[in-house]
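Trainee: Dropping the structure in here first, questions after.
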Amino acid sequence: MCSKFAIFNIRTTPNQLIMQKKLTFLFLLCASIAYGQKKPLDHTVYDTWESVGTKQFSNDGNWAAYSINQQEGDANLYFQHSLSAQKLKVSRGVAPSGFGATSSLFSPDSKFAAFAIKPWHKDTRMAKIKKKKADEMTKDTLAIVNLTTLAVTKIPRVKSFKFPENGAALLAYNLEKALDSSKKKPAASNPGQKNDYLINYFADDEPVSAAKEGTDLVLKNLSTGVTRTFKFVNDFSFSKDGKQLVFTCSGSKTDKAIQQGVFLLNTETGVVKTLVKGKGNFKSFTFDEESERLAFLGDLSAEKAEIKDFNIYYSSLTLDTAQILVDKDMDGMPAKYAVSGDGRINFSKDGNKIFFGIAPIKKPKDTTLIDFENAKLDIWGYKDDYLQPMQLKNADRESKRSYLTVIDIYGDPKIVPLTDVKLPDAGLVNEGDAGFVLGSTDYGNRIASQWAGGSVRDYYLIDVKTAVRKKILESFDGNVSASPVGNYILYYDKKTKIWSTYQVASGKVTPLNAGMTVKFYDEENDVPDDPNSYGLAGWTEDDKFVLLYDRFDIWQFSPDGKTAPKNLTNGFGRLNNITFRVERTDPEFRFFGKKDEVWLDAFNNSTKENGFYRKSINDNKNPELVVMSPAKYSNLVKAKNADFYLYDKGNYVTSPEIYISKDLKTANKIASTNPQQNSYNWGTAELVKWTTPKGYKSEGVLYKPENFDPNKKYPMIVYFYEKLSNSLYTYKAPAPSASSINIPYFVSNGYLVFTPDISYETGHPGKSAEEFINSGVESLKKNAWVDGTKIGIQGQSWGGYQVAHLITATDMYAAAWAGAPVANMTSAYGGIRWESGMNRQFQYEKTQSRIGATLWEKPELYIENSPLFHLPKVKTPVAIMSNDADGAVPWYQGIEMFTGLKRLGKPAWLLSYNNEAHNLVQRQNRKDISVRLGQFFDYYLKGAKAPVWMVSGIPATEKGKTWGFDLTDDKP
């Protein structure tokens with residue numbers, strides 16, 4: 001092996017110069033040998049390639065937790081002390097977000113952590129192979145870490161757990177059903193114990209579903225070690241302060257002594273209060289902000305009853321039992337309506353009101369109908385608000401739709417429905433303390449969404465006491481929201497491009513940016529629709545100011561218009577081509593305080609560098625640079641009660657690394673990912689710029705192999721969508737493809753990869769692709785190291801369409817791969833996006849497809865931009881992926897393209913993955929297409945042997961038996 005050499009700038013003699021040249025030559029030779037020793041990536045590396053997962057802090061900031069995940073394998077969870085080298089690794093540890101628990105890993109006092117340990121991946125895989133039943137599968141283990149001693153306690157077969165948000169170090173966890181429970185005999189209860197819930201675990205002679213019969217709930221004080229167990233618990237929830245724990249008990253079919261119902265434990269005194277006694281379905285437990293009041297849904301109807309009869313139950317510290325606060329006979333309940341079992345429950349911030357959902361009472365099924373004697377069909381009517389596919393797609397959601405209703409706990413004993421079928425949507429204002437809610441509806445504008453896209457809506461202020469509605473915006477297309485306190489409604493009108501406020505008290509409308517030369521809408525909008533705004537940064541305390549973004553900077557506006565707009569970032573962003581956006585580090589953020597300093601995400605549009613600045617809300621200084629580098633940063637994670645920050649960063653060359661910092665100016669690296677990358681021929685990423693034939697300035701990213709030699713010629717693959725250059729410093733992991741080429745794989749295997757940016761002219765998206773992509777390729781071909789005869793193109797969805805178009809317009813490409821392409825805009829125009837049920841007309845008239853007119857207004861544009869009509873011009877071999885469960889682009893588009901090329905005798909292949917979506921989801925299919933992508937381009941761009949699937953295909957009789965990956969000397 002060769003050593004590394006350092007070259008110093010010193011005075012040298014002629015002999016020393018000769019020696020330096022020899023050393024330099026030796027260094028370059030060693031580097032070449034070192035590169036030559038590095039392996040190219042292959043398809044076996046994907047599963048263990050790592051990524052950064054969860055990142056969290058304890059409330060006091062002393063401990064950071066982060067996970068390192070594998071694509072298909074076992075994750076590791078790490079705990080790192082923020083100010084020392086103390087560190088703990090837990091194999092297969094995962095954050096609670098995927099474990100049915102609250103979002104925090106840490107106890108409120110920051111002294112403990114709790115999380116799941118997943119079964120070994122290999123064990124889970126084997127259990128699936130053996131087709132084990134759900135109860136026989138390996139289950140999660142709960143791990144509890146004492147952060148003082150780093151001792152780990154493990155508790156097997158735990159299905160959920162929760163910490164309270166505040167208060168003591170309490171942990172509640174619910175166990176899985178015991179193994180082989182059907183073989184155990186009931187154990188008698190012990191009348192000498194403190195209460196009826198503290199009995200030995202037993203199970204029925206005949207197994208009862210765990211979803212119906214509860215399991216052990218364990219409450220553990222992690223500081224004192226005191227533990228209590230409650231039997232047959234289905235659901236549980238802490239109050240915010242941790243002083244109350246509510247849980248439901250299902251009881252047991254074999255021991256009638258076990259009480260059923262809802263119980264409330266005072267975690268300080270240990271007293272258990274029976275809120276509801278008896279069998280029922282209880283859920284949606286919600287405490288108020290002060291942890292003094294509780295509301296929940298309850299249904300006492302028979303378990304198998306088709307129509308459930310939910311009530312709202314209410315309890316407080318002064319009540320011994322829960323009271324039914326709302327039932328279907330309540331004053332104010334509309335006829336044939338009842339409390340919805342699918343609605344949410346919310347207290348107002350002050351705890352005086354409860355918001356909940358009501359819904360029409362469902363009709364029972366007609367059991368006299370004989371299934372095989374009745375027709376099954378969908379009837380599409382031209383007056384329907386939504387097309388049938390959209391109705392069917394949303395049928396389950398609509399069957400669970402509820403309408404916002406409120407009750408004043410201490411006011412009149414009646415409910416006030418705030419929304420209904422024609423005005424179905426509303427949001428709370430000032431956390432429910434405002435005297436109104438902001439309602440909206442697209443009723444009357446739904447049919448037009450078929451071709452207009454988006455959502456034109458009417459907006460109302462709805463009084464929470466009287467339900468009186470005041471319309472403030474009609475047929476409005478834009479963004480609408482209430483200020484934090486509720487003094488103003490802020491809205492952006494896409495047609496006028498104006499931000500305005502509506503003053504709730506007076507009804508006064510104040511335009512904020514009218515007459516300003518600075519644009520607050522997308523300056524680069526290139527779709528045939530009105531541009532979107534750059535967005536809202538937030539409000540200051542007491543609704544005094546609203547902060548809005550332009551393309552680069554942040555502006556402060558007085559919502560009443562009494563003071564002039566102020567550029568908070570002093571135009572520093574526009575002057576330096578840097579885009580500033582507020583970085584939110586507080587998950588409970590509502591508004592900016594008067595003395596707040598905020599973190600700003602910063603993106604340099606010229607260099608593509610990323611970083612962070614700081615800015616005080618109230619000073620007139622420029623944003624303060626903290627860090628800016630050729631890297632991509634994750635969002636900042638901040639400790640709740642301390643100035644500690646956790647983030648990761650990386651770029652194309654460096655796999656993401658994790659850092660802890662107090663100020664981001666200096667940081668301590670605590671973890672790296674993918675050390676094995678150093679064993680592989682990796683690559684570099686550089687920004688390239690060129691001018692198109694029409695004089696447009698464009699840019700893109702060129703990826704080169706790590707062992708790039710300018711004296712060699714390289715094949716090149718061009719991948720595109722719309723604009724990709726902003727991802728110059730984004731790390732790209734080797735991974736099986738969902739639909740597009742994996743750039744690291746191809747670069748490592750000796751390809752150049754080029755990703756050009758594209759801008760579009762309305763009505764001519766195909767010619768726009770030619771303008772930008774072809775000219776970018778021609779610019780690179782001027783370099784001797786680009787083999788101009790071996791260039792391929794690849795794209796997915798909109799990129800797939802552009803691939804299909806380009807091969808009808810030029811023969812400069814040696815091979816093409818189009819994923820989910822639209823080949824015929826005239827037939828796709830009337831098609832359905834099956835994942836949403838929406839018609840595709842809006843896409844052509846208003847959004848990505850960029851025709852800007854109906855098929856009847858400009859049929860010539862639809863034909864011009866439809867590759868199907870120009871297939872005789874194709875000279876480029878092309879592979880098409882078009883999956884039979886694609887919910888975005890109808891798969892018949894790929895069929896139209898393939899059958900046309902087949903008829904014309906053009907070399908073409910169609911890959912249709914069964915029951916797969918627009919982008920591949922199943923990992924085995926992703927691995928499959930990755931191999932085929934490599935084989936296809938290797939054959940046409942590197943002169944490799946062809947695989948059997950390209951030469952002779954896979955007969956239907958061999959489906960599932962052979963995959964045709966073997967290479968052959970035969971030609972396709």
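Naming works like this for the structure tokens: A, B, ... for the chains as they're shown, residue 1 at the start of each chain, ligands 1 onward in shown order.
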Could you name the residues that touch Leu170 in chain A at 10 Å or less, counting only C-alpha atoms, but leaving out those on the same chain fewer than 4 positions away, as a list in words?

Mentor: Ser107, Pro108, Asp109, Phe112, Lys162, Phe163, Pro164, Glu165, Asn166, Leu219, Lys220, Asn221, Leu222, Ser223, Thr224, Gly225, Val226, Thr227, Phe238, Gly242, Lys243 and Thr267 of chain A

Trainee: When you look at range 481-485 of chain A with a cut-off of 12 Å (counting only C-alpha atoms), what residues show up, excluding the ones that are within fewer than 2 positions of it in the same chain? I need them as number ranges by chain.

Mentor: A: 349, 426-440, 459-461, 478-479, 487-492, 499-504, 535-547, 559, 589-592

Trainee: Neighbouring residues of Ala804 in chain A were defined as those with any atom within 12 Å, considering only C-alpha atoms; residues of the same chain fewer than 5 positions away were excluded. Please report them as number ranges by chain.

Mentor: A: 766, 769-770, 793-799, 809-810, 813, 815-824, 865-871, 873-881, 893-894, 896-898, 901, 908

Trainee: How would the residues just chosen look if you wrote them out with N, CA and C atoms as a CSV table (one decimal), in the first residue's frame?

Mentor:
```csv
chain,number,residue,atom,x,y,z
A,766,GLY,N,-43.0,19.3,-24.7
A,766,GLY,CA,-42.1,18.4,-25.3
A,766,GLY,C,-40.9,19.2,-25.9
A,769,ALA,N,-38.5,20.3,-23.3
A,769,ALA,CA,-37.6,19.2,-22.9
A,769,ALA,C,-36.5,19.2,-23.9
A,770,GLU,N,-36.8,19.2,-25.2
A,770,GLU,CA,-35.7,19.2,-26.2
A,770,GLU,C,-34.8,20.4,-26.0
A,793,ILE,N,-31.0,7.9,-21.9
A,793,ILE,CA,-31.8,8.8,-21.1
A,793,ILE,C,-32.8,7.9,-20.3
A,794,GLN,N,-33.2,8.4,-19.2
A,794,GLN,CA,-34.1,7.7,-18.3
A,794,GLN,C,-34.9,8.7,-17.5
A,795,GLY,N,-36.2,8.4,-17.3
A,795,GLY,CA,-37.1,9.2,-16.5
A,795,GLY,C,-38.3,8.5,-16.1
A,796,GLN,N,-38.9,8.9,-15.1
A,796,GLN,CA,-40.1,8.3,-14.5
A,796,GLN,C,-41.3,9.3,-14.4
A,797,SER,N,-42.5,8.8,-14.8
A,797,SER,CA,-43.7,9.7,-14.7
A,797,SER,C,-43.6,10.8,-15.7
A,798,TRP,N,-43.5,12.1,-15.2
A,798,TRP,CA,-43.3,13.2,-16.1
A,798,TRP,C,-42.0,13.1,-16.8
A,799,GLY,N,-41.0,12.5,-16.1
A,799,GLY,CA,-39.7,12.3,-16.8
A,799,GLY,C,-39.9,11.2,-17.8
A,809,ALA,N,-38.1,12.8,-31.4
A,809,ALA,CA,-37.6,14.1,-31.9
A,809,ALA,C,-36.1,14.1,-32.3
A,810,THR,N,-35.3,13.1,-31.8
A,810,THR,CA,-33.9,13.0,-32.1
A,810,THR,C,-33.5,11.5,-32.0
A,813,TYR,N,-29.7,9.6,-28.9
A,813,TYR,CA,-29.5,8.8,-27.7
A,813,TYR,C,-29.5,7.3,-28.1
A,815,ALA,N,-29.9,4.7,-26.1
A,815,ALA,CA,-30.9,3.8,-25.4
A,815,ALA,C,-31.8,4.7,-24.5
A,816,ALA,N,-33.0,4.3,-24.3
A,816,ALA,CA,-33.9,5.0,-23.5
A,816,ALA,C,-34.8,4.1,-22.6
A,817,TRP,N,-35.1,4.6,-21.4
A,817,TRP,CA,-35.9,3.9,-20.4
A,817,TRP,C,-37.0,4.9,-19.9
A,818,ALA,N,-38.2,4.5,-20.2
A,818,ALA,CA,-39.3,5.4,-19.8
A,818,ALA,C,-40.2,4.7,-18.8
A,819,GLY,N,-40.2,5.3,-17.6
A,819,GLY,CA,-41.1,4.7,-16.5
A,819,GLY,C,-42.4,5.5,-16.5
A,820,ALA,N,-43.5,4.7,-16.5
A,820,ALA,CA,-44.9,5.3,-16.4
A,820,ALA,C,-45.1,6.5,-17.3
A,821,PRO,N,-44.8,6.3,-18.6
A,821,PRO,CA,-44.9,7.5,-19.5
A,821,PRO,C,-46.4,7.7,-20.0
A,822,VAL,N,-46.7,8.9,-20.2
A,822,VAL,CA,-47.9,9.2,-21.0
A,822,VAL,C,-47.5,9.3,-22.4
A,823,ALA,N,-48.1,8.5,-23.3
A,823,ALA,CA,-47.7,8.4,-24.7
A,823,ALA,C,-48.8,9.1,-25.6
A,824,ASN,N,-50.0,9.2,-25.1
A,824,ASN,CA,-51.1,9.8,-25.9
A,824,ASN,C,-51.9,10.7,-25.0
A,865,ASN,N,-47.7,17.1,-28.7
A,865,ASN,CA,-47.0,16.6,-27.5
A,865,ASN,C,-47.3,15.2,-27.1
A,866,SER,N,-47.9,14.4,-28.0
A,866,SER,CA,-48.2,13.0,-27.8
A,866,SER,C,-47.2,12.2,-28.6
A,867,PRO,N,-46.3,11.5,-27.9
A,867,PRO,CA,-45.3,10.7,-28.6
A,867,PRO,C,-46.0,9.6,-29.5
A,868,LEU,N,-47.1,9.1,-29.2
A,868,LEU,CA,-47.8,8.1,-30.0
A,868,LEU,C,-47.9,8.5,-31.4
A,869,PHE,N,-48.2,9.7,-31.7
A,869,PHE,CA,-48.4,10.2,-33.1
A,869,PHE,C,-47.1,10.3,-33.9
A,870,HIS,N,-46.0,10.2,-33.2
A,870,HIS,CA,-44.7,10.4,-33.9
A,870,HIS,C,-43.8,9.1,-33.7
A,871,LEU,N,-44.4,8.0,-33.4
A,871,LEU,CA,-43.6,6.8,-33.2
A,871,LEU,C,-42.8,6.3,-34.4
A,873,LYS,N,-40.9,7.9,-36.1
A,873,LYS,CA,-39.6,8.5,-36.2
A,873,LYS,C,-38.6,7.9,-35.2
A,874,VAL,N,-39.0,7.0,-34.3
A,874,VAL,CA,-38.2,6.5,-33.3
A,874,VAL,C,-37.1,5.6,-33.9
A,875,LYS,N,-35.9,5.8,-33.4
A,875,LYS,CA,-34.7,5.0,-33.8
A,875,LYS,C,-34.0,4.4,-32.6
A,876,THR,N,-34.5,4.8,-31.4
A,876,THR,CA,-33.8,4.5,-30.2
A,876,THR,C,-34.4,3.3,-29.5
A,877,PRO,N,-33.7,2.3,-29.1
A,877,PRO,CA,-34.3,1.2,-28.3
A,877,PRO,C,-34.8,1.7,-27.0
A,878,VAL,N,-36.0,1.2,-26.6
A,878,VAL,CA,-36.6,1.8,-25.4
A,878,VAL,C,-37.2,0.7,-24.5
A,879,ALA,N,-37.0,0.8,-23.2
A,879,ALA,CA,-37.7,-0.1,-22.3
A,879,ALA,C,-38.7,0.8,-21.5
A,880,ILE,N,-39.9,0.2,-21.3
A,880,ILE,CA,-41.0,0.9,-20.7
A,880,ILE,C,-41.5,0.2,-19.4
A,881,MET,N,-41.6,0.9,-18.3
A,881,MET,CA,-42.2,0.3,-17.1
A,881,MET,C,-43.6,0.9,-17.0
A,893,GLN,N,-51.4,3.6,-21.0
A,893,GLN,CA,-50.5,4.6,-21.8
A,893,GLN,C,-49.2,3.8,-22.2
A,894,GLY,N,-48.7,3.1,-21.3
A,894,GLY,CA,-47.5,2.3,-21.6
A,894,GLY,C,-47.8,1.2,-22.7
A,896,GLU,N,-50.2,1.5,-25.0
A,896,GLU,CA,-50.3,2.2,-26.3
A,896,GLU,C,-48.9,2.4,-27.0
A,897,MET,N,-48.0,2.9,-26.1
A,897,MET,CA,-46.7,3.1,-26.6
A,897,MET,C,-46.0,1.8,-27.1
A,898,PHE,N,-46.1,0.8,-26.3
A,898,PHE,CA,-45.4,-0.5,-26.6
A,898,PHE,C,-46.0,-1.1,-27.9
A,901,LEU,N,-44.9,0.7,-31.0
A,901,LEU,CA,-43.5,0.4,-31.4
A,901,LEU,C,-43.4,-1.0,-31.9
A,908,ALA,N,-38.3,-2.6,-28.5
A,908,ALA,CA,-39.0,-2.1,-27.3
A,908,ALA,C,-39.4,-3.2,-26.4
```

Trainee: In Å, rounded to a single decimal, give me how far CA of Ser252 in chain A is from CA of Ser340 in chain A.

Mentor: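 Between CA of Ser340 in chain A and CA of Ser252 in chain A the gap works out to 27.6 Å.
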
Trainee: With a distance cut-off of 6 Å and only C-alpha atoms, select the neighbouring residues of range 961-969 of chain A, excluding the residue or stretch itself and same-chain residues fewer than 4 positions from it, and output the selection as a ChimeraX atom specification.

Mentor: /A:945-949

Trainee: Going by DSSP on the backbone, which residues of range 120-157 of chain A come out as alpha helix (DSSP H)? List them as an MDAnalysis selection string.

Mentor: chainID A and resid 121:129

Trainee: Print the selection's residues with N, CA and C atoms to a file, as a short mmCIF file (atom, residue, chain, number, x, y, z; two decimals), in the first residue's frame.

Mentor:
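Below is the file out-v5.cif, written as the result:
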```
data_model
loop_
_atom_site.label_atom_id
_atom_site.label_comp_id
_atom_site.auth_asym_id
_atom_site.auth_seq_id
_atom_site.Cartn_x
_atom_site.Cartn_y
_atom_site.Cartn_z
N HIS A 121 -34.42 -9.25 12.34
CA HIS A 121 -35.01 -9.26 11.00
C HIS A 121 -35.05 -10.68 10.44
N LYS A 122 -34.00 -11.43 10.68
CA LYS A 122 -33.94 -12.80 10.14
C LYS A 122 -35.01 -13.68 10.77
N ASP A 123 -35.33 -13.44 12.06
CA ASP A 123 -36.35 -14.24 12.73
C ASP A 123 -37.74 -13.89 12.19
N THR A 124 -37.98 -12.60 11.98
CA THR A 124 -39.28 -12.18 11.42
C THR A 124 -39.45 -12.73 10.02
N ARG A 125 -38.38 -12.69 9.26
CA ARG A 125 -38.44 -13.24 7.89
C ARG A 125 -38.77 -14.73 7.92
N MET A 126 -38.12 -15.46 8.81
CA MET A 126 -38.35 -16.90 8.88
C MET A 126 -39.78 -17.21 9.34
N ALA A 127 -40.29 -16.39 10.27
CA ALA A 127 -41.66 -16.60 10.74
C ALA A 127 -42.67 -16.38 9.62
N LYS A 128 -42.38 -15.40 8.75
CA LYS A 128 -43.26 -15.17 7.60
C LYS A 128 -43.18 -16.32 6.61
N ILE A 129 -41.97 -16.83 6.42
CA ILE A 129 -41.81 -17.98 5.52
C ILE A 129 -42.61 -19.17 6.04
#
```

Trainee: Using only C-alpha atoms for the distances, tell me which of A:Glu588, A:Asp560, A:Glu290, A:Glu624 is nearest to Gly351 in chain A.

Mentor: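 Looking only at the distances to Gly351 in chain A, the closest residue turns out to be A:Glu290.
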
Trainee: Just to confirm, what's the straight-line distance from CA of Lys139 in chain A to CA of Arg228 in chain A in Å (one decimal)?

Mentor: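 For CA of Lys139 in chain A relative to CA of Arg228 in chain A, the distance reads 22.7 Å.
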
Trainee: Find the residues around range 301-313 of chain A up to 7 Å (only C-alpha atoms counted), leave out those fewer than 5 positions away in its own chain, and share them as a list of chain:residue names.

Mentor: A:Gly280, A:Ala295, A:Phe296, A:Ala322, A:Gln323, A:Ile324, A:Leu325, A:Val326, A:Asp327, A:Val339, A:Ser340, A:Gly341, A:Lys362, A:Pro364

Trainee: Generate the output file for the selected residues, N, CA and C atoms, as a PDB file, in the first residue's frame.

Mentor:
```pdb
ATOM      1  N   GLY A 280     -68.694  -2.048  27.522  1.00  0.00           N
ATOM      2  CA  GLY A 280     -68.909  -1.061  26.479  1.00  0.00           C
ATOM      3  C   GLY A 280     -67.654  -0.827  25.672  1.00  0.00           C
ATOM      4  N   ALA A 295     -62.798  13.979  28.851  1.00  0.00           N
ATOM      5  CA  ALA A 295     -63.942  13.634  28.006  1.00  0.00           C
ATOM      6  C   ALA A 295     -63.548  12.439  27.150  1.00  0.00           C
ATOM      7  N   PHE A 296     -64.536  11.617  26.831  1.00  0.00           N
ATOM      8  CA  PHE A 296     -64.270  10.461  25.987  1.00  0.00           C
ATOM      9  C   PHE A 296     -65.559   9.966  25.349  1.00  0.00           C
ATOM     10  N   ALA A 322     -68.085   9.440  35.777  1.00  0.00           N
ATOM     11  CA  ALA A 322     -68.249  10.193  34.529  1.00  0.00           C
ATOM     12  C   ALA A 322     -69.734  10.324  34.216  1.00  0.00           C
ATOM     13  N   GLN A 323     -70.114  11.475  33.724  1.00  0.00           N
ATOM     14  CA  GLN A 323     -71.497  11.753  33.365  1.00  0.00           C
ATOM     15  C   GLN A 323     -71.645  11.775  31.849  1.00  0.00           C
ATOM     16  N   ILE A 324     -72.804  11.322  31.366  1.00  0.00           N
ATOM     17  CA  ILE A 324     -73.083  11.471  29.936  1.00  0.00           C
ATOM     18  C   ILE A 324     -73.398  12.936  29.678  1.00  0.00           C
ATOM     19  N   LEU A 325     -72.533  13.575  28.942  1.00  0.00           N
ATOM     20  CA  LEU A 325     -72.704  14.999  28.657  1.00  0.00           C
ATOM     21  C   LEU A 325     -73.538  15.219  27.403  1.00  0.00           C
ATOM     22  N   VAL A 326     -73.343  14.339  26.400  1.00  0.00           N
ATOM     23  CA  VAL A 326     -74.066  14.487  25.135  1.00  0.00           C
ATOM     24  C   VAL A 326     -74.542  13.114  24.679  1.00  0.00           C
ATOM     25  N   ASP A 327     -75.840  13.018  24.340  1.00  0.00           N
ATOM     26  CA  ASP A 327     -76.355  11.817  23.698  1.00  0.00           C
ATOM     27  C   ASP A 327     -77.216  12.232  22.511  1.00  0.00           C
ATOM     28  N   VAL A 339     -73.959  11.364  18.159  1.00  0.00           N
ATOM     29  CA  VAL A 339     -72.521  11.551  18.346  1.00  0.00           C
ATOM     30  C   VAL A 339     -71.776  10.561  17.459  1.00  0.00           C
ATOM     31  N   SER A 340     -70.766  11.031  16.761  1.00  0.00           N
ATOM     32  CA  SER A 340     -69.987  10.167  15.874  1.00  0.00           C
ATOM     33  C   SER A 340     -68.895   9.442  16.654  1.00  0.00           C
ATOM     34  N   GLY A 341     -68.793   8.142  16.409  1.00  0.00           N
ATOM     35  CA  GLY A 341     -67.707   7.374  17.016  1.00  0.00           C
ATOM     36  C   GLY A 341     -66.389   7.559  16.298  1.00  0.00           C
ATOM     37  N   LYS A 362     -76.507   5.877  10.922  1.00  0.00           N
ATOM     38  CA  LYS A 362     -76.394   4.998   9.757  1.00  0.00           C
ATOM     39  C   LYS A 362     -77.616   4.084   9.636  1.00  0.00           C
ATOM     40  N   PRO A 364     -79.221   0.489   8.894  1.00  0.00           N
ATOM     41  CA  PRO A 364     -78.757  -0.902   8.969  1.00  0.00           C
ATOM     42  C   PRO A 364     -78.832  -1.576   7.605  1.00  0.00           C
TER      43      PRO A 364
END
```

Trainee: So which one's closest to Tyr337 in chain A, A:Lys640, A:Lys697, A:Lys363, A:Lys253? Using only C-alpha atoms, please.

Mentor: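 Of A:Lys640, A:Lys697, A:Lys363, A:Lys253, the one nearest Tyr337 in chain A, counting only C-alpha atoms, is A:Lys363.
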
Trainee: What are the DSSP strand (DSSP E) residues of range 685-819 of chain A, as a PyMOL selection string?

Mentor: chain A and resi 685-691+697-705+714-719+752-756+786-796+815-819

Trainee: Skipping near chain neighbours, those fewer than 2 positions away, what residues fall within 7 Å of range 627-629 of chain A using only C-alpha atoms, listed as a count of residues only?

Mentor: 9

Trainee: Using only C-alpha atoms, which of A:Ala168, A:Ala359, A:Val45, A:Val518 sits nearest Lys400 in chain A?

Mentor: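 Of A:Ala168, A:Ala359, A:Val45, A:Val518, the one nearest Lys400 in chain A is A:Ala359, counting only C-alpha atoms.
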
Trainee: Contacts of range 381-391 of chain A at 12 Å or less, counting only C-alpha atoms, minus same-chain residues fewer than 2 places along, as a PyMOL selection string?

Mentor: chain A and resi 377-379+393-399+422+442-451+830-840+887

Trainee: Once you have the residues from the selection above, write them out as a PDB file, in the first residue's frame, restricted to C-alpha atoms.

Mentor:
```pdb
ATOM      1  CA  LEU A 377     -72.693  -1.559 -10.850  1.00  0.00           C
ATOM      2  CA  ASP A 378     -71.597   2.069 -10.590  1.00  0.00           C
ATOM      3  CA  ILE A 379     -73.786   4.757 -12.121  1.00  0.00           C
ATOM      4  CA  LYS A 393     -62.043   5.932  -3.354  1.00  0.00           C
ATOM      5  CA  ASN A 394     -63.325   8.180  -0.577  1.00  0.00           C
ATOM      6  CA  ALA A 395     -66.337   6.070   0.417  1.00  0.00           C
ATOM      7  CA  ASP A 396     -64.799   4.806   3.648  1.00  0.00           C
ATOM      8  CA  ARG A 397     -63.654   8.276   4.655  1.00  0.00           C
ATOM      9  CA  GLU A 398     -67.045   9.766   3.844  1.00  0.00           C
ATOM     10  CA  SER A 399     -68.829   7.050   5.824  1.00  0.00           C
ATOM     11  CA  LYS A 422     -73.056  21.760   2.704  1.00  0.00           C
ATOM     12  CA  ASP A 442     -66.256  23.600  -1.853  1.00  0.00           C
ATOM     13  CA  TYR A 443     -69.984  22.899  -2.216  1.00  0.00           C
ATOM     14  CA  GLY A 444     -71.104  24.244  -5.590  1.00  0.00           C
ATOM     15  CA  ASN A 445     -67.544  24.230  -6.940  1.00  0.00           C
ATOM     16  CA  ARG A 446     -66.787  20.511  -6.892  1.00  0.00           C
ATOM     17  CA  ILE A 447     -67.608  19.589 -10.474  1.00  0.00           C
ATOM     18  CA  ALA A 448     -65.181  22.199 -11.803  1.00  0.00           C
ATOM     19  CA  SER A 449     -62.302  20.625  -9.872  1.00  0.00           C
ATOM     20  CA  GLN A 450     -62.330  17.979 -12.634  1.00  0.00           C
ATOM     21  CA  TRP A 451     -60.613  20.415 -14.963  1.00  0.00           C
ATOM     22  CA  GLY A 830     -59.976  11.940 -20.090  1.00  0.00           C
ATOM     23  CA  GLY A 831     -58.376   9.247 -17.933  1.00  0.00           C
ATOM     24  CA  ILE A 832     -58.576   8.676 -14.190  1.00  0.00           C
ATOM     25  CA  ARG A 833     -55.893   9.009 -11.551  1.00  0.00           C
ATOM     26  CA  TRP A 834     -57.010   5.869  -9.742  1.00  0.00           C
ATOM     27  CA  GLU A 835     -55.147   6.583  -6.501  1.00  0.00           C
ATOM     28  CA  SER A 836     -57.414   9.589  -5.919  1.00  0.00           C
ATOM     29  CA  GLY A 837     -60.279   8.918  -8.332  1.00  0.00           C
ATOM     30  CA  MET A 838     -59.758  12.324  -9.952  1.00  0.00           C
ATOM     31  CA  ASN A 839     -60.049  12.962 -13.658  1.00  0.00           C
ATOM     32  CA  ARG A 840     -56.822  13.966 -15.397  1.00  0.00           C
ATOM     33  CA  GLY A 887     -52.803   5.072  -9.638  1.00  0.00           C
TER      34      GLY A 887
END
```

Trainee: Hey, which of A:Pro656, A:Pro705, A:Pro96, A:Gly776 ends up closest to Ala733 in chain A? Count only C-alpha atoms.

Mentor: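 Result for the nearest residue to Ala733 in chain A: A:Pro656.
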